[in-house]
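Data from upload00.txt: compact mmCIF, C-alpha atoms and all ligand atoms
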# COMPACT_ATOMS: atom_id res chain seq x y z
CA MET A 80 0.00 0.00 0.00
CA THR A 81 1.23 3.47 -0.88
CA LEU A 82 0.69 6.57 1.20
CA LYS A 83 -1.14 9.35 -0.67
CA LEU A 84 0.65 12.68 -1.09
CA SER A 85 -1.07 16.03 -0.62
CA CYS A 86 0.15 19.64 -0.46
CA GLN A 87 -1.22 22.97 0.74
CA GLU A 88 -2.52 24.60 -2.43
CA ASN A 89 -0.77 27.92 -1.77
CA LEU A 90 2.61 26.14 -1.91
CA GLY A 91 2.07 25.52 -5.63
CA VAL A 92 3.38 28.06 -8.12
CA GLY A 93 0.86 30.07 -10.16
CA GLN A 94 -1.40 33.11 -10.15
CA THR A 95 -4.65 31.16 -9.83
CA PHE A 96 -5.99 28.25 -7.77
CA GLU A 97 -6.21 26.23 -10.99
CA ALA A 98 -2.63 26.98 -12.03
CA ARG A 99 -1.25 26.08 -8.60
CA CYS A 100 -3.25 22.85 -8.41
CA LYS A 101 -2.29 21.84 -11.94
CA MET A 102 1.36 22.39 -11.12
CA LEU A 103 1.01 20.21 -8.01
CA ALA A 104 -0.91 17.52 -9.93
CA ASP A 105 1.84 17.44 -12.57
CA LEU A 106 4.40 16.90 -9.80
CA GLY A 107 2.48 13.87 -8.51
CA PHE A 108 0.37 15.29 -5.65
CA GLU A 109 -3.05 13.63 -5.42
CA ALA A 110 -4.78 16.22 -3.26
CA VAL A 111 -4.58 19.73 -1.87
CA GLU A 112 -5.31 21.31 1.48
CA ILE A 113 -7.42 24.46 1.19
CA TRP A 114 -7.38 27.32 3.70
CA GLY A 115 -10.72 27.83 5.43
CA ARG A 116 -10.45 31.60 5.00
CA ASP A 117 -10.75 31.09 1.21
CA LEU A 118 -13.97 29.10 1.63
CA ILE A 119 -16.04 30.45 4.51
CA GLY A 120 -18.71 32.89 3.28
CA LYS A 121 -17.42 32.33 -0.28
CA PRO A 122 -19.82 29.85 -1.94
CA ASP A 123 -18.52 30.69 -5.42
CA ASN A 124 -15.02 29.59 -4.38
CA VAL A 125 -16.37 26.34 -2.94
CA ASP A 126 -18.10 25.53 -6.27
CA ASN A 127 -15.25 26.70 -8.47
CA PHE A 128 -12.51 24.97 -6.47
CA LYS A 129 -14.49 21.71 -6.56
CA LYS A 130 -14.99 21.96 -10.34
CA THR A 131 -11.29 22.73 -10.86
CA LEU A 132 -10.16 19.81 -8.71
CA ASP A 133 -12.60 17.43 -10.43
CA LYS A 134 -11.27 18.55 -13.82
CA LEU A 135 -7.68 17.91 -12.69
CA GLY A 136 -8.55 14.57 -11.08
CA MET A 137 -7.48 15.91 -7.69
CA LYS A 138 -9.10 15.73 -4.25
CA THR A 139 -9.35 18.02 -1.24
CA SER A 140 -7.42 16.39 1.58
CA VAL A 141 -8.44 18.77 4.36
CA ILE A 142 -9.60 22.31 5.09
CA LEU A 143 -7.20 24.23 7.27
CA VAL A 144 -8.65 26.38 10.08
CA GLY A 145 -10.18 29.66 8.81
CA TYR A 146 -12.88 30.12 11.46
CA ARG A 147 -13.08 33.34 13.45
CA GLY A 148 -12.62 33.34 17.21
CA SER A 149 -11.48 30.40 19.29
CA LEU A 150 -13.31 27.58 21.09
CA LEU A 151 -11.40 28.41 24.28
CA ALA A 152 -11.62 32.21 24.15
CA PHE A 153 -12.33 34.11 27.35
CA ASP A 154 -15.69 35.49 26.27
CA ARG A 155 -18.71 33.50 25.24
CA GLN A 156 -19.39 35.49 22.09
CA THR A 157 -15.94 34.75 20.63
CA ARG A 158 -16.33 31.05 21.48
CA ASP A 159 -19.77 30.95 19.87
CA THR A 160 -18.43 32.64 16.74
CA ALA A 161 -15.78 29.89 16.44
CA PHE A 162 -18.45 27.23 17.08
CA GLU A 163 -20.74 28.57 14.32
CA ASP A 164 -17.90 29.06 11.82
CA ILE A 165 -16.58 25.55 12.49
CA LYS A 166 -20.05 24.13 11.80
CA GLU A 167 -20.15 26.03 8.49
CA LEU A 168 -16.64 24.83 7.53
CA LEU A 169 -17.63 21.23 8.36
CA ARG A 170 -20.54 21.56 5.92
CA ILE A 171 -18.11 22.90 3.30
CA ALA A 172 -15.67 20.06 4.06
CA GLY A 173 -18.56 17.68 3.36
CA LYS A 174 -19.27 19.36 -0.01
CA LEU A 175 -15.59 19.10 -0.96
CA GLN A 176 -15.46 15.48 0.28
CA ALA A 177 -12.50 16.41 2.44
CA VAL A 178 -11.19 14.09 5.16
CA GLY A 179 -11.89 16.87 7.62
CA LEU A 180 -11.44 20.37 8.96
CA ILE A 181 -8.29 21.05 10.99
CA VAL A 182 -9.10 22.82 14.27
CA VAL A 183 -6.67 24.31 16.76
CA PRO A 184 -8.64 24.88 19.99
CA ILE A 185 -6.59 27.94 21.01
CA PHE A 186 -3.38 29.59 19.81
CA GLY A 187 -1.02 31.22 22.32
CA GLN A 188 -1.61 31.66 26.04
CA PRO A 189 -4.69 30.36 27.87
CA GLU A 190 -7.42 32.99 28.19
CA LEU A 191 -9.49 31.23 30.84
CA PRO A 192 -8.58 31.55 34.52
CA ASP A 193 -6.77 28.97 36.62
CA LEU A 194 -9.38 27.79 39.13
CA SER A 195 -6.98 25.87 41.37
CA PRO A 196 -7.48 24.23 43.77
CA LEU A 197 -10.86 23.45 42.21
CA MET A 198 -9.51 22.89 38.68
CA ASN A 199 -6.38 24.01 36.87
CA VAL A 200 -6.62 25.84 33.56
CA ILE A 201 -5.82 22.76 31.46
CA GLU A 202 -8.63 20.79 33.11
CA LEU A 203 -11.01 23.72 32.66
CA GLN A 204 -10.12 24.01 28.97
CA ASP A 205 -10.47 20.22 28.53
CA ARG A 206 -13.95 20.25 30.04
CA LEU A 207 -15.13 23.22 28.01
CA LEU A 208 -13.66 21.88 24.78
CA VAL A 209 -15.25 18.45 25.29
CA GLU A 210 -18.68 20.15 25.49
CA TYR A 211 -18.07 21.77 22.10
CA LEU A 212 -16.71 18.53 20.62
CA LYS A 213 -19.82 16.63 21.73
CA ALA A 214 -21.91 19.11 19.73
CA LEU A 215 -19.57 19.32 16.73
CA GLY A 216 -18.97 15.59 16.22
CA PRO A 217 -22.54 14.97 14.97
CA VAL A 218 -22.25 17.89 12.53
CA ALA A 219 -19.05 16.39 11.13
CA LYS A 220 -20.68 12.98 10.94
CA GLU A 221 -23.82 14.29 9.16
CA ASN A 222 -21.54 15.81 6.55
CA ASN A 223 -19.41 12.67 6.16
CA THR A 224 -16.32 14.41 7.36
CA ASN A 225 -14.30 14.95 10.55
CA LEU A 226 -13.20 17.62 12.96
CA ILE A 227 -9.44 17.08 13.20
CA LEU A 228 -7.80 18.34 16.39
CA GLU A 229 -4.24 19.43 15.59
CA PRO A 230 -1.69 19.43 18.44
CA LEU A 231 0.90 22.20 17.99
CA ASN A 232 4.23 22.83 19.67
CA ARG A 233 4.47 24.92 22.85
CA GLY A 234 5.62 28.01 20.92
CA GLU A 235 2.23 28.18 19.20
CA THR A 236 -0.15 26.98 21.92
CA TYR A 237 0.14 26.35 25.63
CA TYR A 238 -2.83 24.03 25.51
CA LEU A 239 -2.82 21.04 23.12
CA ASN A 240 0.74 19.84 22.40
CA THR A 241 0.63 16.04 22.09
CA ILE A 242 -1.33 13.43 20.17
CA ASP A 243 -1.99 11.57 23.46
CA HIS A 244 -3.75 14.66 24.82
CA ALA A 245 -5.88 14.94 21.67
CA VAL A 246 -6.89 11.30 22.05
CA ARG A 247 -7.90 11.85 25.69
CA LEU A 248 -10.21 14.65 24.49
CA ILE A 249 -11.63 12.44 21.72
CA GLN A 250 -12.34 9.69 24.23
CA ALA A 251 -13.92 12.11 26.69
CA ALA A 252 -16.19 13.53 23.96
CA ASN A 253 -17.10 9.97 22.93
CA VAL A 254 -18.87 10.94 19.71
CA GLU A 255 -18.07 10.02 16.12
CA GLY A 256 -16.53 12.64 13.87
CA ILE A 257 -13.79 13.88 16.23
CA VAL A 258 -10.28 12.75 15.31
CA THR A 259 -6.68 13.96 15.38
CA MET A 260 -3.53 14.16 13.28
CA GLY A 261 0.25 14.28 13.48
CA ASP A 262 2.27 17.24 12.24
CA LEU A 263 5.83 15.95 11.98
CA PHE A 264 7.22 19.43 12.68
CA HIS A 265 5.30 19.84 15.94
CA THR A 266 5.77 16.21 16.99
CA ASN A 267 9.50 16.63 16.51
CA ILE A 268 9.36 19.15 19.38
CA GLU A 269 6.67 17.63 21.62
CA GLU A 270 6.69 13.85 21.25
CA ARG A 271 9.38 11.86 23.03
CA ASN A 272 8.93 9.06 20.50
CA ILE A 273 7.14 9.90 17.24
CA PRO A 274 6.60 6.32 15.96
CA ARG A 275 5.17 5.39 19.38
CA ALA A 276 2.75 8.34 19.36
CA LEU A 277 1.58 7.47 15.84
CA LYS A 278 1.28 3.76 16.51
CA ASP A 279 -0.55 3.94 19.84
CA ASN A 280 -3.03 6.51 18.57
CA HIS A 281 -3.41 5.36 14.96
CA GLN A 282 -7.12 4.61 15.28
CA HIS A 283 -7.75 8.31 15.81
CA ILE A 284 -5.24 9.73 13.30
CA VAL A 285 -6.58 10.76 9.89
CA HIS A 286 -4.04 13.27 8.60
CA ILE A 287 -0.30 13.98 8.64
CA HIS A 288 1.56 17.23 8.03
CA LEU A 289 5.04 17.00 6.58
CA ALA A 290 7.92 19.35 7.30
CA ASP A 291 11.45 18.68 8.45
CA ASN A 292 12.69 19.56 11.93
CA THR A 293 13.30 23.24 11.05
CA ARG A 294 9.97 23.36 9.20
CA LEU A 295 11.65 23.49 5.82
CA GLU A 296 10.86 20.90 3.16
CA PRO A 297 11.34 17.20 4.02
CA GLY A 298 14.84 16.05 3.23
CA THR A 299 16.60 19.21 4.39
CA GLY A 300 16.88 18.24 8.07
CA MET A 301 17.02 15.44 10.58
CA THR A 302 13.46 14.07 10.80
CA ASN A 303 13.18 10.33 10.22
CA PHE A 304 10.29 10.27 7.75
CA GLN A 305 10.86 6.62 6.94
CA ALA A 306 10.22 5.61 10.57
CA ALA A 307 6.94 7.55 10.64
CA PHE A 308 5.81 6.21 7.27
CA ASP A 309 6.67 2.65 8.28
CA VAL A 310 4.29 2.94 11.24
CA LEU A 311 1.55 4.41 9.02
CA LYS A 312 1.94 1.60 6.51
CA ASP A 313 1.99 -1.02 9.27
CA VAL A 314 -1.37 0.17 10.57
CA ASN A 315 -2.83 0.44 7.03
CA TYR A 316 -3.19 4.22 7.23
CA SER A 317 -5.30 5.14 4.21
CA ASN A 318 -5.42 8.95 4.32
CA TYR A 319 -2.99 11.67 3.19
CA VAL A 320 0.47 12.82 4.17
CA SER A 321 0.56 16.48 3.26
CA LEU A 322 3.25 19.14 2.84
CA GLU A 323 3.07 22.12 5.18
CA CYS A 324 6.52 23.70 5.12
CA GLY A 325 8.81 26.51 4.09
CA PHE A 326 11.50 26.03 1.45
CA SER A 327 15.27 26.13 1.62
CA ILE A 328 15.74 27.59 -1.86
CA PRO A 329 13.90 30.40 -3.64
CA ASP A 330 13.01 28.30 -6.70
CA ARG A 331 9.78 26.74 -5.42
CA LYS A 332 9.30 24.44 -8.41
CA GLN A 333 12.76 23.01 -8.02
CA ALA A 334 12.27 22.61 -4.26
CA LEU A 335 8.94 20.80 -4.74
CA GLU A 336 10.42 18.50 -7.37
CA LYS A 337 13.29 17.67 -5.04
CA THR A 338 10.85 17.04 -2.16
CA VAL A 339 8.68 14.68 -4.20
CA LYS A 340 11.80 12.83 -5.32
CA PHE A 341 12.89 12.52 -1.68
CA LEU A 342 9.48 11.36 -0.39
CA LYS A 343 8.20 9.11 -3.19
CA PRO A 344 10.48 6.10 -2.55
CA MET A 345 9.42 6.12 1.13
CA LEU A 346 5.68 6.23 0.50
C1 LIG A 401 0.28 25.60 12.64
O1 LIG A 401 1.61 25.60 13.01
C2 LIG A 401 -0.06 24.38 11.91
O2 LIG A 401 0.66 23.39 11.97
C3 LIG A 401 -1.26 24.36 11.04
O3 LIG A 401 -1.45 23.10 10.50
C4 LIG A 401 -2.54 24.79 11.75
O4 LIG A 401 -2.82 26.10 11.53
MN MN A 402 0.26 21.57 10.83

Show the structure stored in the file as structure tokens.
Amino acid sequence: MTLKLSCQENLGVGQTFEARCKMLADLGFEAVEIWGRDLIGKPDNVDNFKKTLDKLGMKTSVILVGYRGSLLAFDRQTRDTAFEDIKELLRIAGKLQAVGLIVVPIFGQPELPDLSPLMNVIELQDRLLVEYLKALGPVAKENNTNLILEPLNRGETYYLNTIDHAVRLIQAANVEGIVTMGDLFHTNIEERNIPRALKDNHQHIVHIHLADNTRLEPGTGMTNFQAAFDVLKDVNYSNYVSLECGFSIPDRKQALEKTVKFLKPML
């Protein structure tokens, strides 16, 4: 079995969505990730992007964030805005037949108070988030898609850093439609053992982001992609591995060609 390769559409070279996707298709990518900000409240884009991808024989792997607010914001109104936007993006993910919508519960510092000794801020955020996940799972399910919790490294969020933590939230929510992913840049900072984290949690993992340890393109650093891919193949992972990275050289086309050449034999 071969792992399927995807790329964020804005990493392609070209003036238009179609030109960028065609360039990526020609390089051997099977799918693109689309930014939620280009889709929410933009029904024409949803229709046109879908038509373009169908014409090129490409798929949408996932939608990346793009909702306003945050599910763990301090004030209710900002949380509710995120909740409503996430529902809308899940419906769009369904229309695009995407694996899911990537959600980061909160970027940066916690906004809620520490209620120790009653409850620390992580427990409070867990409990609040689980309430939202219980309501969002069925929306994902109805639309044949998933809400994908993405753990990030501690420089980007103080809240959700490991795949194990995401799985505890998924189990606490206990509804279908809530899953997680591994971003090999973030895991390189937060996981003590990346193959272990992928293997133990594989039943809940539906997407993988690819970047090397400095977040440049795979092959420029020290990340052991083969070890991660071996685990994914062992557990019959059937979804995408998808580029989310910067590039070490200015010529993007050359960098992407080099990256595909580096990754392909390992897939
Ligand atoms: C952010 O660092 C990240 O990895 C993205 O996938 C989510 O915005
Ligand atoms: Mn990522």

Ligand MN 402 (chain A): which residues are within 7 Å, counting all atoms listed in the file? Reply as a list of chain:residue names.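 If we count all atoms listed in the file, the neighbours of ligand MN 402 (chain A) turn out to be A:Glu229, A:Asp262, A:His288, A:Glu323.
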
Nearest residue to ligand LIG 401 (chain A) from the set A:Met137, A:Leu175, A:Ile142, A:Leu277 (distances using only C-alpha atoms and all ligand atoms):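 Distance minimum relative to ligand LIG 401 (chain A) lands on A:Ile142.
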
All residues within 8 Å of ligand LIG 401 (chain A) are required, counting all atoms listed in the file; please report them as a list in words.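 Residues lying within 8 Å of ligand LIG 401 (chain A): Leu143, Val144, Ile181, Val182, Val183, Glu229, Pro230, Leu231, Asn232, Glu235, Asp262, Phe264, His265, His288 and Glu323 of chain A.
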
Sorted by chain and rising residue number, list the residues of range 136-254 of chain A at most 12 Å from range 299-318 of chain A (counting all atoms listed in the file), each with its closest atom pair and distance in Å to one decimal, as JSON lines.
{"residue": "A:Lys138", "atom": "CA", "partner": "A:Asn318", "partner_atom": "CA", "distance": 11.5}
{"residue": "A:Thr139", "atom": "CA", "partner": "A:Asn318", "partner_atom": "CA", "distance": 11.3}
{"residue": "A:Ser140", "atom": "CA", "partner": "A:Asn318", "partner_atom": "CA", "distance": 8.2}
{"residue": "A:Val141", "atom": "CA", "partner": "A:Asn318", "partner_atom": "CA", "distance": 10.3}
{"residue": "A:Ala177", "atom": "CA", "partner": "A:Asn318", "partner_atom": "CA", "distance": 10.5}
{"residue": "A:Val178", "atom": "CA", "partner": "A:Asn318", "partner_atom": "CA", "distance": 7.8}
{"residue": "A:Gly179", "atom": "CA", "partner": "A:Asn318", "partner_atom": "CA", "distance": 10.7}

Between A:Leu239, A:Ala290, A:Phe341, A:Lys134, smallest distance to Phe326 in chain A by all atoms listed in the file belongs to A:Ala290

Quick one: of A:Glu88, A:Glu109, A:Asp193, A:Asp205, who's nearest to Val320 in chain A, counting all atoms listed in the file?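 Distance minimum relative to Val320 in chain A lands on A:Glu109.
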
Compare A:Arg294, A:Cys86, A:Gly107, A:Leu228 by their minimum atom-to-atom distance to Lys340 in chain A, counting only C-alpha atoms, and give me the closest one.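 Counting only C-alpha atoms, the residue closest to Lys340 in chain A is A:Gly107.
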
Closest of A:Val209, A:Ser321, A:Arg275, A:Lys166 to Ile113 in chain A - atom-to-atom distances counting all atoms listed in the file: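 So, comparing all the options, the nearest one is A:Ser321.
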
Within 9 Å of Glu270 in chain A, counting only C-alpha atoms, which residues qualify if same-chain residues fewer than 3 places away don't, as a ChimeraX atom specification? /A:240-242,265-267,273,275-276

Would you list the contacts of Glu163 in chain A as a count of residues only, taking every protein, DNA or RNA residue within 12 Å and counting all atoms listed in the file, but skipping same-chain residues closer than 6 positions in sequence? 15

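For the pair CA of Ala219 in chain A and CA of Lys174 in chain A, the separation is 11.5 Å.
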
Measuring between all atoms listed in the file, which one of A:Ala251, A:Met102, A:Ala152, A:Leu197 shows the shortest distance to Leu90 in chain A?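 Among the listed residues, A:Met102 lies closest to Leu90 in chain A.
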
Two-atom distance - CA of Phe96 in chain A, CA of Asp291 in chain A (Å):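 CA of Asp291 in chain A lies at a distance of 25.7 Å from CA of Phe96 in chain A.
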
Selection: 8 Å around Leu151 in chain A, all atoms listed in the file, excl. self and same-chain fewer than 3 positions, as a list in words: Arg158, Pro184, Ile185, Pro189, Glu190, Leu191, Gln204, Leu207 and Leu208 of chain A

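Picture a line from CA of Lys332 in chain A to CA of Ala98 in chain A; it runs 12.7 Å.
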
Dig up all the protein and nucleic acid residues within 8 Å of (-4.3, 12.7, 13.2) in the file frame, using all atoms listed in the file, and format them as number ranges by chain. A: 227-229, 242, 258-261, 281, 283-287
